[in-house]
Amino acid sequence: MTERLTARQVISLVVEDFTELPPGGPPPGDGPDGPLDWRGYGDARALAAARTGEQESVVCGTGSVEGTRAVLIAFEFGYLGGSLGVRTGDRLEAAYRHARAHRLPVVPLVATGGSRMQEGMLALTQLQRVARQSALTREAGLAQIAVLRDPTTGGGWATLGAGADVTLALPGAQVGFAGSRVRPPDADPAAYTAEAQLACGAVDALVRPGRLRHELGRWLRLLTAPSGEAAPPPRALGGDTGAPGSGRDAVRRARAPERPRAARYLDAYFTHRVTLTGDRCGGADPEGMLCGFGEQGGRTVAYAAQTGTATRPAGYRTAARLIRLADRLGIPVLTLVDTPGAANDAEAERAGVGAAIADLFTVLASARTPVTTLLIGEGGSGGALALAAPGNTWATPDSYFSVIAPELAAAILKRGPDEVDVTADQLRLRPQDLLEAGLIRGVVEG
């Protein structure tokens with residue numbers, strides 16, 4: 001379990017200054033024991049206020065995180081377990097309204113056990129209220145970056161946490177919909193941790209408290225810098241820059257183990273970058289798809305890059321999530337295509353690989369933000385084309401794009417192994433063939 005920080009302590013960790021916002025909402029109209037007249041509720045609130053120095057379970061205000069102004073929502077777990085009640089909802093709504101009025105990103109610093117039982121369904125419906133405010137803020141094109149503290153459970157996790165655009169978590173924090181007192185007695189406690197949520201694609205990164213200000217500052221700078229200009233394609237990094245003489249040569253060069261892969265291209269292209277992890281549907285494909293935002297030439301560019309392996313359904317869904325977010329924030333996108341094709345094993349089929357690819361095709365086809373694609377290696381069938389920008393795709397000299405791999409094409413045509421090279425030529429898959437056919441805009445140089 002990570003150290004439990006108070007609301008004021010976590011605020012001081014991330015901002016250089018802090019101005020608290022008015023609580024919002026009408027003056028409380030319920031009795032001393034709340035809207036349900038829950039015996040002892042008034043005494044519990046008074047005790048929580050005396051112990052924490054707070055009048056509610058959230059502290060809302062504005063502050064600068066390494067130079068970027070933001071609205072911060074810090075939960076005080078010491079006040080009735082950071083639970084959400086009607087007055088909490090008043091404060092949250094006021095904070096989101098302020099963010100939209102002043103065009104500021106929102107940073108929830110979450111530590112909550114869920115909805116407040118002493119207010120019954122009135123407390124639970126605050127989740128709908130929060131979801132509405134989050135949706136309006138999303139429609140306004142403003143970023144939401146949540147930080148999950150210990151614990152983050154119940155409706156607070158299912159709205160402010162999991163509903164954010166980017167989710168960071170403190171190592172060792174308890175994170176899960178079911179809190180420790182309500183989950184099944186035989187449940188594996190390791191499944192309810194920040195580390196487990198990272199592995200299953202529900203959290204983007206773990207951040208130590210001492211690094212929180214720096215990491216939040218990087219994310220906020222990148223996500224608050226829209227640009228309508230398309231990202232330029234990266235320069236080729238391969239040593240062999242001449243055009244391949246045959247289809248077989250193009251395939252050999254694209255499959256060469258020494259050929260530079262996505263990570264090298266991204267490191268050369270960006271001054272610095274941050275990583276978006278997971279599809280928010282229980283899956284991640286960190287070995288097959290790299291996604292995130294980086295600084296290139298003084299501006300923000302989002303990226304989704306295949307790594308040369310067969311791309312899994314979670315990889316396609318993560319790329320679609322990335323492009324949707326970039327489109328909403330007005331940030332241009334760079335995609336790097338490099339895959340022999342989509343994963344086609346039984347597990348991939350059960351995980352909905354077809355639907356994941358279809359969704360990515362739709363996201364790219366409907367994106368309003370400019371998307372640039374560079375083919376850096378293998379372009380294997382629809383599993384590669386799904387990540388390629390229509391009308392703005394480029395290629396390196398050591399790459400190929402094909403409707404199907406030459407070996408598989410020969411097998412389908414009932415040709416022997418000795419005819420694979422001939423088939424590769426017939427497929428017209430070399431970069432110069434693609435350019436001649438009008439399928440790419442050009443072949444980049446080193």
# chains A, B, ... in the order shown; residues from 1 in each chain; ligands from 1
call {"tool": "select_by_dssp", "arguments": {"residues": "region 220-362 of chain A", "states": "helix (DSSP H, G or I)", "output": "number ranges by chain"}}
result
A: 220-223, 247-255, 262-269, 313-329, 346-350, 353-362
call {"tool": "closest_residue", "arguments": {"among": "A:Arg213, A:Arg321, A:Arg103, A:Arg328", "to": "Pro226 (chain A)", "atoms": "only C-alpha atoms"}}
result
A:Arg328
call {"tool": "closest_atom_pairs", "arguments": {"of": "region 196-280 of chain A", "to": "region 286-309 of chain A", "cutoff": "8 Å", "atoms": "only C-alpha atoms", "output": "tab-separated table"}}
result
residue	atom	partner	partner_atom	distance
A:Leu222	CA	A:Thr300	CA	5.5
A:Leu223	CA	A:Thr300	CA	7.5
A:Ala225	CA	A:Thr300	CA	6.2
A:Pro226	CA	A:Thr300	CA	7.2
A:Ser227	CA	A:Arg299	CA	7.6
A:Ala231	CA	A:Val301	CA	6.8
A:Arg261	CA	A:Thr307	CA	6.1
A:Ala262	CA	A:Thr307	CA	5.3
A:Ala263	CA	A:Thr307	CA	7.6
A:Tyr269	CA	A:Gln296	CA	6.5
A:Phe270	CA	A:Gln296	CA	4.9
A:Thr271	CA	A:Glu295	CA	5.5
A:His272	CA	A:Gly294	CA	5.6
A:Arg273	CA	A:Gly294	CA	3.8
A:Val274	CA	A:Phe293	CA	5.5
A:Thr275	CA	A:Gly292	CA	4.3
A:Leu276	CA	A:Gly292	CA	4.6
A:Thr277	CA	A:Cys291	CA	6.9
A:Gly278	CA	A:Pro286	CA	7.9
call {"tool": "select_by_dssp", "arguments": {"residues": "region 274-351 of chain A", "states": "strand (DSSP E)", "output": "JSON, numbers by chain"}}
result
{"A": [274, 275, 276, 289, 290, 291, 292, 293, 294, 295, 296, 299, 300, 301, 302, 303, 304, 305, 306, 333, 334, 335, 336, 337, 338, 339]}
call {"tool": "closest_residue", "arguments": {"among": "A:Leu439, A:Ala351, A:Val166, A:Val107", "to": "Phe75 (chain A)", "atoms": "only C-alpha atoms"}}
result
A:Val107
call {"tool": "closest_residue", "arguments": {"among": "A:Ile145, A:Val130, A:Ala173, A:Ala44", "to": "Thr159 (chain A)", "atoms": "only C-alpha atoms"}}
result
A:Val130
call {"tool": "closest_residue", "arguments": {"among": "A:Ala437, A:Leu364, A:Ala74, A:Leu80", "to": "Ala50 (chain A)", "atoms": "only C-alpha atoms"}}
result
A:Leu80
call {"tool": "residues_around", "arguments": {"residues": "Gln144 (chain A)", "least_positions_apart": "5", "cutoff": "10 Å", "atoms": "only C-alpha atoms", "output": "PyMOL selection string"}}
result
chain A and resi 70-71+104-108+134+137-138+160-161+163-167+220+223
call {"tool": "residues_around", "arguments": {"residues": "Leu375 (chain A)", "least_positions_apart": "2", "cutoff": "6 Å", "atoms": "only C-alpha atoms", "output": "list in words"}}
result
Leu336, Val337, Gly377 and Ala395 of chain A
call {"tool": "write_last_selection", "arguments": {"atoms": "N, CA and C atoms", "output": "PDB file, in the first residue's frame"}}
result
ATOM      1  N   LEU A 336       3.172   4.893 -37.520  1.00  0.00           N
ATOM      2  CA  LEU A 336       4.244   4.117 -38.128  1.00  0.00           C
ATOM      3  C   LEU A 336       3.726   2.704 -38.377  1.00  0.00           C
ATOM      4  N   VAL A 337       3.749   2.280 -39.632  1.00  0.00           N
ATOM      5  CA  VAL A 337       3.228   0.969 -40.006  1.00  0.00           C
ATOM      6  C   VAL A 337       4.378  -0.016 -40.116  1.00  0.00           C
ATOM      7  N   GLY A 377       8.575  -0.686 -42.438  1.00  0.00           N
ATOM      8  CA  GLY A 377       8.991  -2.088 -42.537  1.00  0.00           C
ATOM      9  C   GLY A 377       7.964  -2.884 -43.313  1.00  0.00           C
ATOM     10  N   ALA A 395       6.740   6.059 -47.357  1.00  0.00           N
ATOM     11  CA  ALA A 395       7.433   4.791 -47.141  1.00  0.00           C
ATOM     12  C   ALA A 395       8.933   5.006 -47.082  1.00  0.00           C
TER      13      ALA A 395
END
